[in-house]
Each structure stands twice: as C-alpha cells, then as structure tokens.
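Here's work04.pdb, which has PDB, C-alpha atoms, pLDDT in the B column:
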ATOM      1  CA  MET A   1      -1.775  36.690 -40.004  1.00 56.00           C
ATOM      2  CA  PHE A   2      -0.913  36.125 -36.333  1.00 49.00           C
ATOM      3  CA  ARG A   3      -2.222  32.561 -36.538  1.00 53.00           C
ATOM      4  CA  LYS A   4       0.124  31.716 -39.445  1.00 51.00           C
ATOM      5  CA  PHE A   5       3.048  33.302 -37.606  1.00 46.00           C
ATOM      6  CA  PHE A   6       2.215  31.259 -34.510  1.00 41.00           C
ATOM      7  CA  LEU A   7       1.852  27.983 -36.406  1.00 43.00           C
ATOM      8  CA  PHE A   8       5.001  28.334 -38.492  1.00 52.00           C
ATOM      9  CA  SER A   9       7.401  29.906 -36.042  1.00 52.00           C
ATOM     10  CA  ILE A  10       6.441  29.371 -32.405  1.00 52.00           C
ATOM     11  CA  VAL A  11       5.070  25.810 -32.581  1.00 45.00           C
ATOM     12  CA  PRO A  12       8.166  24.315 -34.307  1.00 47.00           C
ATOM     13  CA  VAL A  13      10.485  25.946 -31.771  1.00 43.00           C
ATOM     14  CA  VAL A  14       8.480  24.542 -28.866  1.00 40.00           C
ATOM     15  CA  LEU A  15       8.399  21.061 -30.424  1.00 38.00           C
ATOM     16  CA  ILE A  16      12.161  21.049 -31.054  1.00 40.00           C
ATOM     17  CA  PHE A  17      12.773  22.126 -27.463  1.00 38.00           C
ATOM     18  CA  MET A  18      10.533  19.378 -26.076  1.00 39.00           C
ATOM     19  CA  VAL A  19      12.143  16.655 -28.190  1.00 36.00           C
ATOM     20  CA  SER A  20      15.675  17.751 -27.302  1.00 41.00           C
ATOM     21  CA  CYS A  21      14.847  17.743 -23.581  1.00 41.00           C
ATOM     22  CA  ALA A  22      13.409  14.238 -23.823  1.00 39.00           C
ATOM     23  CA  LEU A  23      16.445  12.914 -25.685  1.00 40.00           C
ATOM     24  CA  THR A  24      18.996  14.392 -23.295  1.00 42.00           C
ATOM     25  CA  SER A  25      17.370  13.704 -19.916  1.00 47.00           C
ATOM     26  CA  GLY A  26      20.106  11.282 -18.848  1.00 49.00           C
ATOM     27  CA  LYS A  27      22.879  12.930 -20.814  1.00 51.00           C
ATOM     28  CA  ASN A  28      22.726  16.051 -18.601  1.00 56.00           C
ATOM     29  CA  TYR A  29      24.073  13.843 -15.851  1.00 53.00           C
ATOM     30  CA  ILE A  30      27.418  13.688 -17.663  1.00 55.00           C
ATOM     31  CA  GLU A  31      27.804  17.452 -17.738  1.00 55.00           C
ATOM     32  CA  ASP A  32      26.952  17.872 -14.063  1.00 65.00           C
ATOM     33  CA  ALA A  33      29.180  15.125 -12.668  1.00 67.00           C
ATOM     34  CA  PRO A  34      32.487  16.273 -11.148  1.00 73.00           C
ATOM     35  CA  ARG A  35      35.647  14.514 -12.319  1.00 74.00           C
ATOM     36  CA  ASN A  36      37.092  13.947  -8.842  1.00 86.00           C
ATOM     37  CA  ARG A  37      34.395  12.711  -6.526  1.00 91.00           C
ATOM     38  CA  VAL A  38      34.777  11.266  -3.056  1.00 94.00           C
ATOM     39  CA  LEU A  39      32.965   7.940  -3.038  1.00 94.00           C
ATOM     40  CA  LYS A  40      31.620   6.116   0.005  1.00 96.00           C
ATOM     41  CA  LEU A  41      32.141   2.453  -0.850  1.00 96.00           C
ATOM     42  CA  SER A  42      31.281  -0.342   1.560  1.00 94.00           C
ATOM     43  CA  GLY A  43      31.402   2.210   4.385  1.00 94.00           C
ATOM     44  CA  LYS A  44      34.816   3.746   3.577  1.00 96.00           C
ATOM     45  CA  LEU A  45      35.710   6.953   1.710  1.00 96.00           C
ATOM     46  CA  TYR A  46      37.748   6.825  -1.520  1.00 94.00           C
ATOM     47  CA  SER A  47      38.778   9.668  -3.813  1.00 93.00           C
ATOM     48  CA  GLU A  48      38.608   8.926  -7.523  1.00 91.00           C
ATOM     49  CA  ALA A  49      41.883  10.824  -8.033  1.00 90.00           C
ATOM     50  CA  ASP A  50      43.809   8.712  -5.487  1.00 88.00           C
ATOM     51  CA  PHE A  51      43.789   5.755  -7.870  1.00 90.00           C
ATOM     52  CA  GLY A  52      44.704   7.524 -11.105  1.00 92.00           C
ATOM     53  CA  GLY A  53      41.116   8.454 -11.846  1.00 92.00           C
ATOM     54  CA  VAL A  54      38.295   6.200 -12.924  1.00 94.00           C
ATOM     55  CA  GLU A  55      36.506   4.914 -15.978  1.00 94.00           C
ATOM     56  CA  ARG A  56      32.775   5.099 -15.289  1.00 94.00           C
ATOM     57  CA  TRP A  57      29.305   4.613 -16.732  1.00 94.00           C
ATOM     58  CA  PHE A  58      25.784   5.463 -15.629  1.00 92.00           C
ATOM     59  CA  ALA A  59      22.631   3.496 -16.387  1.00 91.00           C
ATOM     60  CA  LEU A  60      19.149   4.501 -17.394  1.00 81.00           C
ATOM     61  CA  ASP A  61      16.171   2.262 -17.970  1.00 70.00           C
ATOM     62  CA  LYS A  62      16.701   0.324 -21.208  1.00 61.00           C
ATOM     63  CA  TYR A  63      13.418   1.536 -22.606  1.00 62.00           C
ATOM     64  CA  GLY A  64      14.037   5.113 -21.432  1.00 57.00           C
ATOM     65  CA  ARG A  65      10.821   6.660 -20.335  1.00 60.00           C
ATOM     66  CA  GLU A  66      10.677  10.417 -20.277  1.00 62.00           C
ATOM     67  CA  ASN A  67      12.496  11.945 -17.277  1.00 64.00           C
ATOM     68  CA  THR A  68      14.287   8.673 -16.544  1.00 72.00           C
ATOM     69  CA  LYS A  69      16.526   8.883 -13.492  1.00 80.00           C
ATOM     70  CA  VAL A  70      19.974   7.385 -13.156  1.00 86.00           C
ATOM     71  CA  ARG A  71      19.487   3.888 -11.738  1.00 89.00           C
ATOM     72  CA  PHE A  72      23.122   3.061 -10.937  1.00 94.00           C
ATOM     73  CA  GLN A  73      26.721   3.869 -11.804  1.00 95.00           C
ATOM     74  CA  VAL A  74      29.607   1.462 -12.306  1.00 97.00           C
ATOM     75  CA  GLY A  75      33.288   2.125 -12.722  1.00 96.00           C
ATOM     76  CA  TYR A  76      36.811   0.952 -12.050  1.00 96.00           C
ATOM     77  CA  PHE A  77      39.995   2.591 -10.834  1.00 95.00           C
ATOM     78  CA  LYS A  78      42.529   3.203 -13.624  1.00 95.00           C
ATOM     79  CA  ASP A  79      45.513   2.213 -11.445  1.00 95.00           C
ATOM     80  CA  ASN A  80      43.841  -1.089 -10.548  1.00 93.00           C
ATOM     81  CA  PRO A  81      41.222  -2.018 -13.161  1.00 93.00           C
ATOM     82  CA  ASN A  82      40.164  -5.147 -11.244  1.00 96.00           C
ATOM     83  CA  VAL A  83      38.823  -2.998  -8.410  1.00 95.00           C
ATOM     84  CA  GLY A  84      35.691  -1.051  -9.079  1.00 96.00           C
ATOM     85  CA  PHE A  85      32.434   0.154  -7.651  1.00 96.00           C
ATOM     86  CA  VAL A  86      28.685   0.097  -8.011  1.00 97.00           C
ATOM     87  CA  LEU A  87      26.979   3.322  -6.925  1.00 95.00           C
ATOM     88  CA  TYR A  88      23.300   3.606  -6.165  1.00 91.00           C
ATOM     89  CA  GLU A  89      21.316   5.968  -8.356  1.00 86.00           C
ATOM     90  CA  GLY A  90      23.037   9.284  -9.118  1.00 82.00           C
ATOM     91  CA  GLY A  91      24.860   9.533  -5.816  1.00 88.00           C
ATOM     92  CA  ALA A  92      28.348   8.768  -4.563  1.00 92.00           C
ATOM     93  CA  GLN A  93      27.524   5.864  -2.205  1.00 95.00           C
ATOM     94  CA  GLY A  94      27.668   2.202  -3.023  1.00 96.00           C
ATOM     95  CA  GLU A  95      29.782  -0.926  -2.854  1.00 96.00           C
ATOM     96  CA  LEU A  96      33.286  -1.962  -3.785  1.00 96.00           C
ATOM     97  CA  ALA A  97      33.214  -4.559  -6.550  1.00 97.00           C
ATOM     98  CA  ILE A  98      35.490  -6.956  -8.363  1.00 96.00           C
ATOM     99  CA  VAL A  99      35.746  -6.065 -12.054  1.00 97.00           C
ATOM    100  CA  MET A 100      36.455  -8.656 -14.730  1.00 97.00           C
ATOM    101  CA  ARG A 101      36.821  -8.320 -18.470  1.00 96.00           C
ATOM    102  CA  ASP A 102      35.477 -11.004 -20.801  1.00 94.00           C
ATOM    103  CA  GLY A 103      36.362 -10.010 -24.356  1.00 95.00           C
ATOM    104  CA  LEU A 104      34.751  -6.605 -24.842  1.00 96.00           C
ATOM    105  CA  ASP A 105      32.304  -7.069 -21.959  1.00 97.00           C
ATOM    106  CA  LEU A 106      32.882  -5.897 -18.374  1.00 97.00           C
ATOM    107  CA  ARG A 107      31.435  -7.473 -15.231  1.00 97.00           C
ATOM    108  CA  TRP A 108      31.096  -6.005 -11.738  1.00 97.00           C
ATOM    109  CA  SER A 109      30.476  -8.550  -8.924  1.00 96.00           C
ATOM    110  CA  TRP A 110      29.831  -7.572  -5.326  1.00 95.00           C
ATOM    111  CA  PHE A 111      28.625  -8.804  -1.927  1.00 89.00           C
ATOM    112  CA  ASN A 112      29.630 -12.144  -0.448  1.00 80.00           C
ATOM    113  CA  LEU A 113      31.245 -14.025  -3.321  1.00 72.00           C
ATOM    114  CA  GLY A 114      29.358 -12.212  -6.038  1.00 81.00           C
ATOM    115  CA  GLU A 115      25.732 -12.417  -4.971  1.00 91.00           C
ATOM    116  CA  TYR A 116      25.054  -9.587  -7.426  1.00 94.00           C
ATOM    117  CA  ALA A 117      26.530  -8.727 -10.807  1.00 95.00           C
ATOM    118  CA  ILE A 118      26.212  -6.156 -13.544  1.00 96.00           C
ATOM    119  CA  VAL A 119      27.438  -7.118 -16.995  1.00 97.00           C
ATOM    120  CA  LEU A 120      28.117  -4.286 -19.420  1.00 97.00           C
ATOM    121  CA  LYS A 121      28.027  -5.355 -23.070  1.00 97.00           C
ATOM    122  CA  SER A 122      30.029  -3.543 -25.741  1.00 94.00           C
ATOM    123  CA  ASN A 123      26.816  -2.198 -27.304  1.00 95.00           C
ATOM    124  CA  GLY A 124      25.937  -0.125 -24.200  1.00 92.00           C
ATOM    125  CA  THR A 125      23.433  -2.567 -22.711  1.00 94.00           C
ATOM    126  CA  ALA A 126      23.827  -3.643 -19.083  1.00 95.00           C
ATOM    127  CA  PHE A 127      22.267  -6.638 -17.377  1.00 95.00           C
ATOM    128  CA  TYR A 128      21.686  -6.846 -13.613  1.00 94.00           C
ATOM    129  CA  TYR A 129      21.857 -10.309 -12.012  1.00 93.00           C
ATOM    130  CA  ASP A 130      20.819 -11.484  -8.536  1.00 92.00           C
ATOM    131  CA  PHE A 131      22.372 -14.851  -7.657  1.00 89.00           C
ATOM    132  CA  LYS A 132      21.022 -15.143  -4.096  1.00 85.00           C
ATOM    133  CA  SER A 133      18.207 -17.546  -4.962  1.00 76.00           C
ATOM    134  CA  GLN A 134      20.086 -19.724  -7.467  1.00 76.00           C
ATOM    135  CA  GLU A 135      23.593 -19.881  -8.855  1.00 69.00           C
ATOM    136  CA  LYS A 136      23.121 -21.455 -12.305  1.00 77.00           C
ATOM    137  CA  ASN A 137      20.949 -20.587 -15.293  1.00 84.00           C
ATOM    138  CA  VAL A 138      20.076 -17.163 -13.890  1.00 88.00           C
ATOM    139  CA  SER A 139      18.380 -14.754 -16.280  1.00 91.00           C
ATOM    140  CA  PRO A 140      19.007 -11.022 -15.992  1.00 93.00           C
ATOM    141  CA  ARG A 141      16.686  -9.424 -13.490  1.00 91.00           C
ATOM    142  CA  GLU A 142      16.744  -6.065 -15.296  1.00 92.00           C
ATOM    143  CA  THR A 143      18.152  -4.514 -18.459  1.00 91.00           C
ATOM    144  CA  PHE A 144      19.496  -0.973 -18.743  1.00 90.00           C
ATOM    145  CA  ARG A 145      20.958   1.463 -21.258  1.00 89.00           C
ATOM    146  CA  VAL A 146      24.454   2.589 -20.160  1.00 91.00           C
ATOM    147  CA  TYR A 147      26.467   5.705 -21.066  1.00 91.00           C
ATOM    148  CA  LYS A 148      30.120   6.385 -20.385  1.00 91.00           C
ATOM    149  CA  PHE A 149      30.946   9.672 -18.666  1.00 87.00           C
TER     150      PHE A 149
END
Could you render the structure from this file as structure tokens?
Amino acid sequence: MFRKFFLFSIVPVVLIFMVSCALTSGKNYIEDAPRNRVLKLSGKLYSEADFGGVERWFALDKYGRENTKVRFQVGYFKDNPNVGFVLYEGGAQGELAIVMRDGLDLRWSWFNLGEYAIVLKSNGTAFYYDFKSQEKNVSPRETFRVYKF
C-alpha cells in the first residue's frame, strides 16, 4: 500500500520539481535583477535610470547545461539607443559599447574600434566575435541563448 502511494504521488511531484528547476535556472535571474542598477562601465559609474532606463538581455550557453550561469549581459540606454553596454557574467561591471541595428538584429561593438562584438539575432541567439586576430571572414567564437529582462 505504502509503495503504491510512494510511486504514484511522491515520485511524480519530485520529478516535476526537478524538471521545473532545470528549465528555469537562467530565468530566475530575471526575477532577481533590480530595475535601476548602477553599472560600472569602462571604469565609470552610470545609473540605468539616468538615461531613461535600459533595454537589456542576458545570455546563457546556447546548449544550456543544467545550472548554467549567466555568461554576459548586453543592453542599451533608452534615451540614446546607440550607446550600450556589455556586462561580464551576472554582475554590473563591463564596457561601454556602440550599438547598431541591422534589420531586426542588434550588434554591440566595444574596445578599440570594435575588436569584439556580440550580435543578437531576432530568434534569441547571440554570437560572440573576436576580431583581434583577423578582420574579415571571422566566424563566431561562441554561440549563446539570450533572454530579455
């Protein structure tokens, strides 16, 4: 009797809990992120609210392993959408970036004439580029899954 109760009531609850945790590992980041952060960009402090707020995304590994951490964040200031930022991991430090729109895609370029770039496609995929070694025919160095928050 107890065995049937265990198999049909406890086991399904535990499985549902485990699956839901795995599916929302990166999504919890959205709920925990404040809406008015102070960002340290290229050595200077900027408040998100000072520029009319921001539009922002965070990236997880494209092939999201369990317990995937935030790899980077990108965003732009609403009052000046050509000025944005790239933040390292889940923190509030990073670099100022130039933001460009190409159709539905967005591109963040930073460091000395765009040595690095992140291109965000409309389907939620982001590509990271490193142009230091060559400037033409560069393949993406990494691919990520991106979520707006």
Expanded to explicit residues, what is the PyMOL selection byres ((chain A and resi 95) around 7) for this file, as a list in words?
Leu41, Ser42, Phe85, Val86, Leu87, Gly94, Leu96 and Ala97 of chain A
From the list A:Pro34, A:Pro140, A:Gly43, A:Gly53, which residue is nearest Tyr116 in chain A when using only C-alpha atoms?
A:Pro140
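The space separating CA of Phe131 in chain A from CA of Pro81 in chain A comes to 23.5 Å.
Around Gly91 in chain A, within 12 Å and counting all atoms listed in the file, the residues found are A:Tyr29, A:Asp32, A:Ala33, A:Pro34, A:Arg37, A:Val38, A:Leu39, A:Lys40, A:Leu41, A:Phe58, A:Lys69, A:Val70, A:Arg71, A:Phe72, A:Gln73, A:Val74, once anything fewer than 6 positions away on its own chain is removed.
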Residues just named, written with C-alpha atoms as a PDB file, in the frame of the given file:
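Ended up saving to out_21.pdb:
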ATOM      1  CA  TYR A  29      24.073  13.843 -15.851  1.00 53.00           C
ATOM      2  CA  ASP A  32      26.952  17.872 -14.063  1.00 65.00           C
ATOM      3  CA  ALA A  33      29.180  15.125 -12.668  1.00 67.00           C
ATOM      4  CA  PRO A  34      32.487  16.273 -11.148  1.00 73.00           C
ATOM      5  CA  ARG A  37      34.395  12.711  -6.526  1.00 91.00           C
ATOM      6  CA  VAL A  38      34.777  11.266  -3.056  1.00 94.00           C
ATOM      7  CA  LEU A  39      32.965   7.940  -3.038  1.00 94.00           C
ATOM      8  CA  LYS A  40      31.620   6.116   0.005  1.00 96.00           C
ATOM      9  CA  LEU A  41      32.141   2.453  -0.850  1.00 96.00           C
ATOM     10  CA  PHE A  58      25.784   5.463 -15.629  1.00 92.00           C
ATOM     11  CA  LYS A  69      16.526   8.883 -13.492  1.00 80.00           C
ATOM     12  CA  VAL A  70      19.974   7.385 -13.156  1.00 86.00           C
ATOM     13  CA  ARG A  71      19.487   3.888 -11.738  1.00 89.00           C
ATOM     14  CA  PHE A  72      23.122   3.061 -10.937  1.00 94.00           C
ATOM     15  CA  GLN A  73      26.721   3.869 -11.804  1.00 95.00           C
ATOM     16  CA  VAL A  74      29.607   1.462 -12.306  1.00 97.00           C
TER      17      VAL A  74
END
Convert the output of the PyMOL selection byres ((chain A and resi 113) around 12) on the shown file into explicit residues, formatted as a list of chain:residue names.
A:Ala97, A:Ile98, A:Trp108, A:Ser109, A:Trp110, A:Phe111, A:Asn112, A:Gly114, A:Glu115, A:Tyr116, A:Ala117, A:Asp130, A:Phe131, A:Lys132, A:Glu135
Enumerate, as a PDB file with C-alpha atoms, keeping the file's coordinate frame, the protein, DNA and RNA residues whose atoms approach (41.3, 10.2, -8.8) to within 10 Å, taking into account all atoms listed in the file and the coordinate frame of the file.
ATOM      1  CA  ARG A  35      35.647  14.514 -12.319  1.00 74.00           C
ATOM      2  CA  ASN A  36      37.092  13.947  -8.842  1.00 86.00           C
ATOM      3  CA  ARG A  37      34.395  12.711  -6.526  1.00 91.00           C
ATOM      4  CA  VAL A  38      34.777  11.266  -3.056  1.00 94.00           C
ATOM      5  CA  TYR A  46      37.748   6.825  -1.520  1.00 94.00           C
ATOM      6  CA  SER A  47      38.778   9.668  -3.813  1.00 93.00           C
ATOM      7  CA  GLU A  48      38.608   8.926  -7.523  1.00 91.00           C
ATOM      8  CA  ALA A  49      41.883  10.824  -8.033  1.00 90.00           C
ATOM      9  CA  ASP A  50      43.809   8.712  -5.487  1.00 88.00           C
ATOM     10  CA  PHE A  51      43.789   5.755  -7.870  1.00 90.00           C
ATOM     11  CA  GLY A  52      44.704   7.524 -11.105  1.00 92.00           C
ATOM     12  CA  GLY A  53      41.116   8.454 -11.846  1.00 92.00           C
ATOM     13  CA  VAL A  54      38.295   6.200 -12.924  1.00 94.00           C
ATOM     14  CA  PHE A  77      39.995   2.591 -10.834  1.00 95.00           C
ATOM     15  CA  LYS A  78      42.529   3.203 -13.624  1.00 95.00           C
ATOM     16  CA  ASP A  79      45.513   2.213 -11.445  1.00 95.00           C
TER      17      ASP A  79
END
Students should find that CA of Tyr76 in chain A and CA of Arg56 in chain A are spaced 6.6 Å
When you count only C-alpha atoms, which of these residues is closest to Gly124 in chain A: A:Thr143, A:Asn80, A:Thr68, A:Asn137?
A:Thr143
Here is a test: counting only C-alpha atoms, which residue of A:Leu60, A:Val146, A:Val138, A:Leu45 is nearest to Ala92 in chain A?
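Of the candidates, the smallest distance to Ala92 in chain A is held by A:Leu45.
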If you apply the PyMOL selection byres ((chain A and resi 122) around 9) to this file, what residues do you get, as a ChimeraX atom specification?
/A:104-106,120-121,123-125
Would you compute an axis-aligned box for range 99-109 of chain A, covering every atom listed for it in the file with 5 Å of margin on each side, and report centre and edge lengths in Å to one decimal as AutoDock Vina command-line options?
--center_x 33.6 --center_y -8.5 --center_z -16.9 --size_x 16.3 --size_y 15.1 --size_z 25.9
A:Glu142, A:Asn82, A:Gln134, A:Asp61: which is nearest Met100 in chain A, counting all atoms listed in the file?
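Of A:Glu142, A:Asn82, A:Gln134, A:Asp61, the one nearest Met100 in chain A is A:Asn82, counting all atoms listed in the file.
For the residues A:Lys148, A:Ala59, A:Val119, A:Tyr129, ranking by smallest atom-to-atom distance to Tyr88 in chain A using only C-alpha atoms places A:Ala59 first.
The coordinates place CA of Gly84 in chain A at 9.2 Å from CA of Glu55 in chain A.
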Can you tell me, as a list in words, what residues are no more than 6 Å from Ile118 in chain A when counting only C-alpha atoms, ignoring any on the same chain fewer than 5 positions away?
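Returned residues: Arg107, Trp108, Phe127 and Tyr128 of chain A.
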What would the file be for range 105-130 of chain A if you keep N, CA and C atoms and write it as a compact mmCIF listing (two decimals), in the first residue's frame?
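Written file, out34.txt:
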# COMPACT_ATOMS: atom_id res chain seq x y z
N ASP A 105 18.17 42.58 -36.15
CA ASP A 105 19.32 42.18 -35.35
C ASP A 105 19.95 43.40 -34.67
N LEU A 106 20.55 43.17 -33.50
CA LEU A 106 21.29 44.21 -32.79
C LEU A 106 22.74 43.78 -32.66
N ARG A 107 23.65 44.76 -32.67
CA ARG A 107 25.08 44.47 -32.56
C ARG A 107 25.71 45.43 -31.56
N TRP A 108 26.46 44.86 -30.61
CA TRP A 108 27.24 45.62 -29.65
C TRP A 108 28.71 45.45 -30.02
N SER A 109 29.43 46.57 -30.24
CA SER A 109 30.86 46.55 -30.55
C SER A 109 31.59 47.34 -29.47
N TRP A 110 32.73 46.81 -29.02
CA TRP A 110 33.47 47.51 -27.98
C TRP A 110 34.95 47.24 -28.10
N PHE A 111 35.73 48.05 -27.40
CA PHE A 111 37.19 48.07 -27.37
C PHE A 111 37.75 48.50 -28.72
N ASN A 112 38.66 49.44 -28.67
CA ASN A 112 39.44 49.92 -29.80
C ASN A 112 38.87 49.58 -31.19
N LEU A 113 37.97 50.37 -31.64
CA LEU A 113 37.39 50.23 -32.98
C LEU A 113 36.70 48.88 -33.19
N GLY A 114 36.08 48.38 -32.17
CA GLY A 114 35.27 47.17 -32.33
C GLY A 114 36.04 45.87 -32.40
N GLU A 115 37.03 45.71 -31.54
CA GLU A 115 37.77 44.44 -31.52
C GLU A 115 36.88 43.26 -31.18
N TYR A 116 35.81 43.54 -30.43
CA TYR A 116 34.86 42.49 -30.03
C TYR A 116 33.45 42.91 -30.42
N ALA A 117 32.60 41.92 -30.66
CA ALA A 117 31.21 42.21 -30.99
C ALA A 117 30.32 41.06 -30.54
N ILE A 118 29.11 41.44 -30.17
CA ILE A 118 28.05 40.47 -29.91
C ILE A 118 26.90 40.85 -30.81
N VAL A 119 26.42 39.88 -31.58
CA VAL A 119 25.29 40.09 -32.47
C VAL A 119 24.12 39.28 -31.94
N LEU A 120 23.03 39.99 -31.67
CA LEU A 120 21.82 39.36 -31.16
C LEU A 120 20.82 39.23 -32.31
N LYS A 121 20.50 38.01 -32.66
CA LYS A 121 19.53 37.73 -33.73
C LYS A 121 18.11 37.82 -33.17
N SER A 122 17.15 38.01 -34.03
CA SER A 122 15.76 38.15 -33.61
C SER A 122 15.19 36.88 -33.00
N ASN A 123 15.83 35.74 -33.22
CA ASN A 123 15.33 34.48 -32.67
C ASN A 123 15.88 34.17 -31.27
N GLY A 124 16.62 35.12 -30.67
CA GLY A 124 17.15 34.92 -29.32
C GLY A 124 18.50 34.24 -29.27
N THR A 125 19.18 34.13 -30.40
CA THR A 125 20.52 33.57 -30.46
C THR A 125 21.52 34.72 -30.54
N ALA A 126 22.60 34.62 -29.79
CA ALA A 126 23.65 35.65 -29.83
C ALA A 126 24.96 35.00 -30.24
N PHE A 127 25.73 35.74 -31.04
CA PHE A 127 27.03 35.28 -31.49
C PHE A 127 28.09 36.24 -30.97
N TYR A 128 29.16 35.69 -30.41
CA TYR A 128 30.29 36.48 -29.91
C TYR A 128 31.42 36.39 -30.92
N TYR A 129 31.96 37.58 -31.29
CA TYR A 129 33.05 37.65 -32.27
C TYR A 129 34.27 38.30 -31.63
N ASP A 130 35.45 37.83 -32.01
CA ASP A 130 36.73 38.39 -31.60
C ASP A 130 37.49 38.71 -32.88
